[in-house]
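Heads up, the thing below is written out as structure tokens.
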Amino acid sequence: MAEIHAFRGWRYDLGHIGALSDVVAPPYDVIDPQLQEALYKRHPANVIRVELNREEPGDDQTNNRYTRAAWFFQNWRREGVLRREADPAFYVYFQNFELDGRRWTRRGFIGLLRLEPFGQGTVFPHEQTHAAAKQDRLRLLEACQANTSPIFALYPDPEQQAQSLLEHCVAGSPALSAVDHLGVEHQLWPVTDVGQITQLTALLGKQPVFIADGHHRYETALAYRDRLAQQQRLDSNHPAQFVMTMFVSMADEGLVVLPTHRLFRGLPALDASRLRERLGGCFQTRIVGEGSDLAELVWEQMLEQAEQEQLAFFTVADERWTLARLTDQGRQLMDQIAAEHSVAWRRLGVAVLHRLVVETLLEAKQLPTPTYVHRVDELVRALETDNAATDPYTLAALVMPAGVEHIQQVSQAGERMPAKSTYFYPKLLTGLVFYALEP
């Protein structure tokens with residue numbers, strides 16, 4: 001069973017900093033240089049100085065963006081910019097946002113999750129990780145000795161018992177509130193009542209936990225814990241045995257997973273006719289129309305079917321859209337070429353796209369990393385503004401997002417999905433609460 005705990009978090013003192021919106025930031029992996037600069041200018045105590053400190057001329061081993069991040073974090077605590085919670089708390093966390101003309105609220109809570117190696121307990125990953133990102137996060141963790149942002153985890157709760165308890169915990173209580181750069185409202189309520197904490201711990205302690213986002217930070221926390229163990233600095237209740245985590249029910253109505261569409265460079269120029277030949281009997285294909293501006297219409301048709309095994313391709317050579325649905329022949333070939341994976345993995349849209357279409361039918365195994373976008377209008381804009389004359393986009397693909405049920409199936413099979421299979425929207429905010437691993 002997953003082991004969770006309340007903790008005494010560090011939070012911004014509003015009397016010191018003013019508006020919470022001025023000091024928070026998205027997580028590091030969605031911050032581009034322009035946003036980084038804007039956050040630097042927003043407030044002298046903006047968390048960007050810890051989460052993603054910028055590089056400066058003359059940086060070396062003793063003075064660099066990681067050491068500066070640690071200095072800011074330590075100094076803010078020393079000066080009272082950050083204050084520690086008086087009692088252990090769970091932090092009920094709601095996110096209110098608008099998407100496609102509809103209002104949503106995602107509900108969960110932040111607590112501590114006891115670390116355990118993947119495959120040895122009840123914490124399951126679903127995505128691959130990359131060494132460079134883990135090295136970056138490890139250097140920050142070693143410097144600051146703190147979790148600056150929570151990882152994101154899902155747990156099964158079909159009867160919404162924990163959700164009902166969360167609603168009860170915050171009923172009538174004013175929330176701490178911040179609005180991010182995308183207009184998402186983030187609400188936080190520290191819950192220190194021992195009875196409510198005990199109930200919530202009991203409900204979630206019976207369930208497995210599936211990492212939705214933050215795989216790099218989870219594995220980094222494991223590496224940091226193991227390093228302390230090797231140095232004989234670790235006991236069973238050391239703070240480094242845990243990682244700060246946002247827990248959300250898999251049945252939560254505000255759980256939104258966006259697709260991650262692809263634009264490919266490096267493929268030979270294909271028109272729709274040639275693409276159909278290469279797909280052969282593995283797909284049933286249909287030309288939908290011509291012009292990149294038909295993307296929204298094509299996507300609407302895909303959403304009506306909501307099938308993982310349906311893809312849409314835009315061939316740049318003739319600017320045509322082709323809808324492609326996997327056939328029995330395609331499934332049989334997919335089962336052969338990906339026999340090392342479970343059926344659940346082999347039926348994922350992103351797996352069919354990369355393993356069957358790109359690597360096998362198009363015979364392209366050494367392509368540059370695709371351009372990833374989450375919205376159809378972003379894909380259209382990328383196609384219309386592509387000026388990489390020496391290596392232009394030759395193919396774009398619309399792909400259905402993997403759902404929560406796919407994450408559970410693939411994770412419990414002991415596997416990880418292909419890269420960029422899921423994008424949980426919106427991202428959790430950095431700076432609402434910090435978890436210090438050392439005094």
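Labeling convention for the structure tokens: chains A, B, ... as they appear, residues from 1 per chain, ligands from 1 in order of appearance.
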### Task
Using DSSP on the backbone coordinates, identify all residues within region 112-260 of chain A classified as strand (DSSP E); present the result as a ChimeraX atom specification.
/A:112-114,123-124,146-147,151-155,176-179,185-191,209-213,242-249,256-258
### Backbone DSSP call of alpha helix (DSSP H) for region 261-299 of chain A, listed as a PyMOL selection string
chain A and resi 272-279+295-299
### Query
So which residues touch region 39-46 of chain A within 9 Å, counting only C-alpha atoms, skipping near sequence neighbours fewer than 5 positions away, as JSON, numbers by chain?
{"A": [17, 22, 23, 24, 25, 34, 72, 76, 81, 431]}
## Note on the structure
Taken to one decimal, the CA of Arg137 (chain A)-CA of Phe73 (chain A) distance is 15.3 Å
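Straight-line separation from CA of Ala436 (chain A) to CA of Tyr423 (chain A): 27.7 Å.
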### Query
With distances taken over only C-alpha atoms, which of A:Gln36, A:Gln305, A:Gln199, A:Gln187 is nearest to Phe97 (chain A)?
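Ranking A:Gln36, A:Gln305, A:Gln199, A:Gln187 by distance to Phe97 (chain A), first place goes to A:Gln187.
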### Query
Just how far from CA of Val123 (chain A) is CA of Phe210 (chain A), in Å to one decimal?
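Taking CA of Phe210 (chain A) and CA of Val123 (chain A), their separation equals 5.9 Å.
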### Message
Residues within 12 Å of Arg68 (chain A), please, as an MDAnalysis selection string. Count only C-alpha atoms; anything in the same chain fewer than 2 positions from it doesn't count.
### Response
chainID A and resid 48:56 59:66 70:75 139:140 143:144
Residue subset to file, keeping N, CA and C atoms, as a compact mmCIF listing (two decimals), in the first residue's frame:
```txt
# COMPACT_ATOMS: atom_id res chain seq x y z
N ILE A 48 11.00 31.48 -9.53
CA ILE A 48 11.83 31.16 -10.69
C ILE A 48 13.31 31.16 -10.31
N ARG A 49 13.69 31.97 -9.32
CA ARG A 49 15.08 32.06 -8.90
C ARG A 49 15.56 30.78 -8.22
N VAL A 50 14.61 29.95 -7.80
CA VAL A 50 14.95 28.64 -7.23
C VAL A 50 14.67 27.54 -8.25
N GLU A 51 13.49 27.56 -8.82
CA GLU A 51 13.05 26.49 -9.72
C GLU A 51 13.90 26.41 -10.99
N LEU A 52 14.23 27.56 -11.57
CA LEU A 52 14.99 27.58 -12.82
C LEU A 52 15.83 28.86 -12.87
N ASN A 53 16.82 28.91 -12.01
CA ASN A 53 17.71 30.06 -11.99
C ASN A 53 18.45 30.16 -13.31
N ARG A 54 18.61 31.37 -13.81
CA ARG A 54 19.24 31.52 -15.12
C ARG A 54 20.76 31.44 -15.02
N GLU A 55 21.36 31.06 -16.11
CA GLU A 55 22.82 31.01 -16.18
C GLU A 55 23.37 32.43 -16.33
N GLU A 56 24.55 32.65 -15.74
CA GLU A 56 25.18 33.97 -15.79
C GLU A 56 26.61 33.83 -16.31
N ASP A 59 29.89 31.69 -14.67
CA ASP A 59 29.48 30.57 -13.81
C ASP A 59 30.56 29.50 -13.79
N ASP A 60 30.77 28.91 -12.60
CA ASP A 60 31.74 27.84 -12.47
C ASP A 60 31.21 26.81 -11.47
N GLN A 61 32.07 25.94 -10.98
CA GLN A 61 31.63 24.87 -10.10
C GLN A 61 31.15 25.37 -8.74
N THR A 62 31.64 26.50 -8.32
CA THR A 62 31.28 27.00 -6.99
C THR A 62 30.26 28.14 -7.02
N ASN A 63 30.06 28.71 -8.17
CA ASN A 63 29.09 29.81 -8.31
C ASN A 63 28.33 29.59 -9.60
N ASN A 64 27.11 29.11 -9.50
CA ASN A 64 26.32 28.78 -10.68
C ASN A 64 24.84 28.87 -10.35
N ARG A 65 24.01 28.51 -11.29
CA ARG A 65 22.57 28.70 -11.08
C ARG A 65 22.01 27.82 -9.96
N TYR A 66 22.67 26.71 -9.67
CA TYR A 66 22.22 25.86 -8.58
C TYR A 66 22.61 26.44 -7.22
N ALA A 70 20.07 27.83 -4.23
CA ALA A 70 20.16 27.47 -2.82
C ALA A 70 20.28 28.71 -1.94
N TRP A 71 21.04 29.70 -2.39
CA TRP A 71 21.19 30.93 -1.61
C TRP A 71 19.85 31.62 -1.45
N PHE A 72 19.08 31.74 -2.54
CA PHE A 72 17.77 32.39 -2.45
C PHE A 72 16.85 31.63 -1.50
N PHE A 73 16.81 30.30 -1.63
CA PHE A 73 15.91 29.51 -0.78
C PHE A 73 16.28 29.65 0.70
N GLN A 74 17.55 29.59 0.99
CA GLN A 74 17.99 29.73 2.38
C GLN A 74 17.75 31.14 2.90
N ASN A 75 18.02 32.12 2.07
CA ASN A 75 17.87 33.51 2.49
C ASN A 75 16.41 33.87 2.72
N ARG A 139 21.02 18.09 -9.29
CA ARG A 139 21.90 19.17 -8.86
C ARG A 139 21.13 20.23 -8.07
N LEU A 140 19.91 20.52 -8.50
CA LEU A 140 19.09 21.48 -7.77
C LEU A 140 18.69 20.92 -6.40
N ALA A 143 21.59 21.02 -4.03
CA ALA A 143 21.93 22.38 -3.61
C ALA A 143 20.92 22.93 -2.60
N CYS A 144 19.64 22.76 -2.91
CA CYS A 144 18.59 23.36 -2.07
C CYS A 144 18.13 22.44 -0.94
```
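Counting only C-alpha atoms, the residue from A:Ala221, A:Leu432, A:Val298, A:Val404 that sits nearest to Leu138 (chain A) is A:Ala221.
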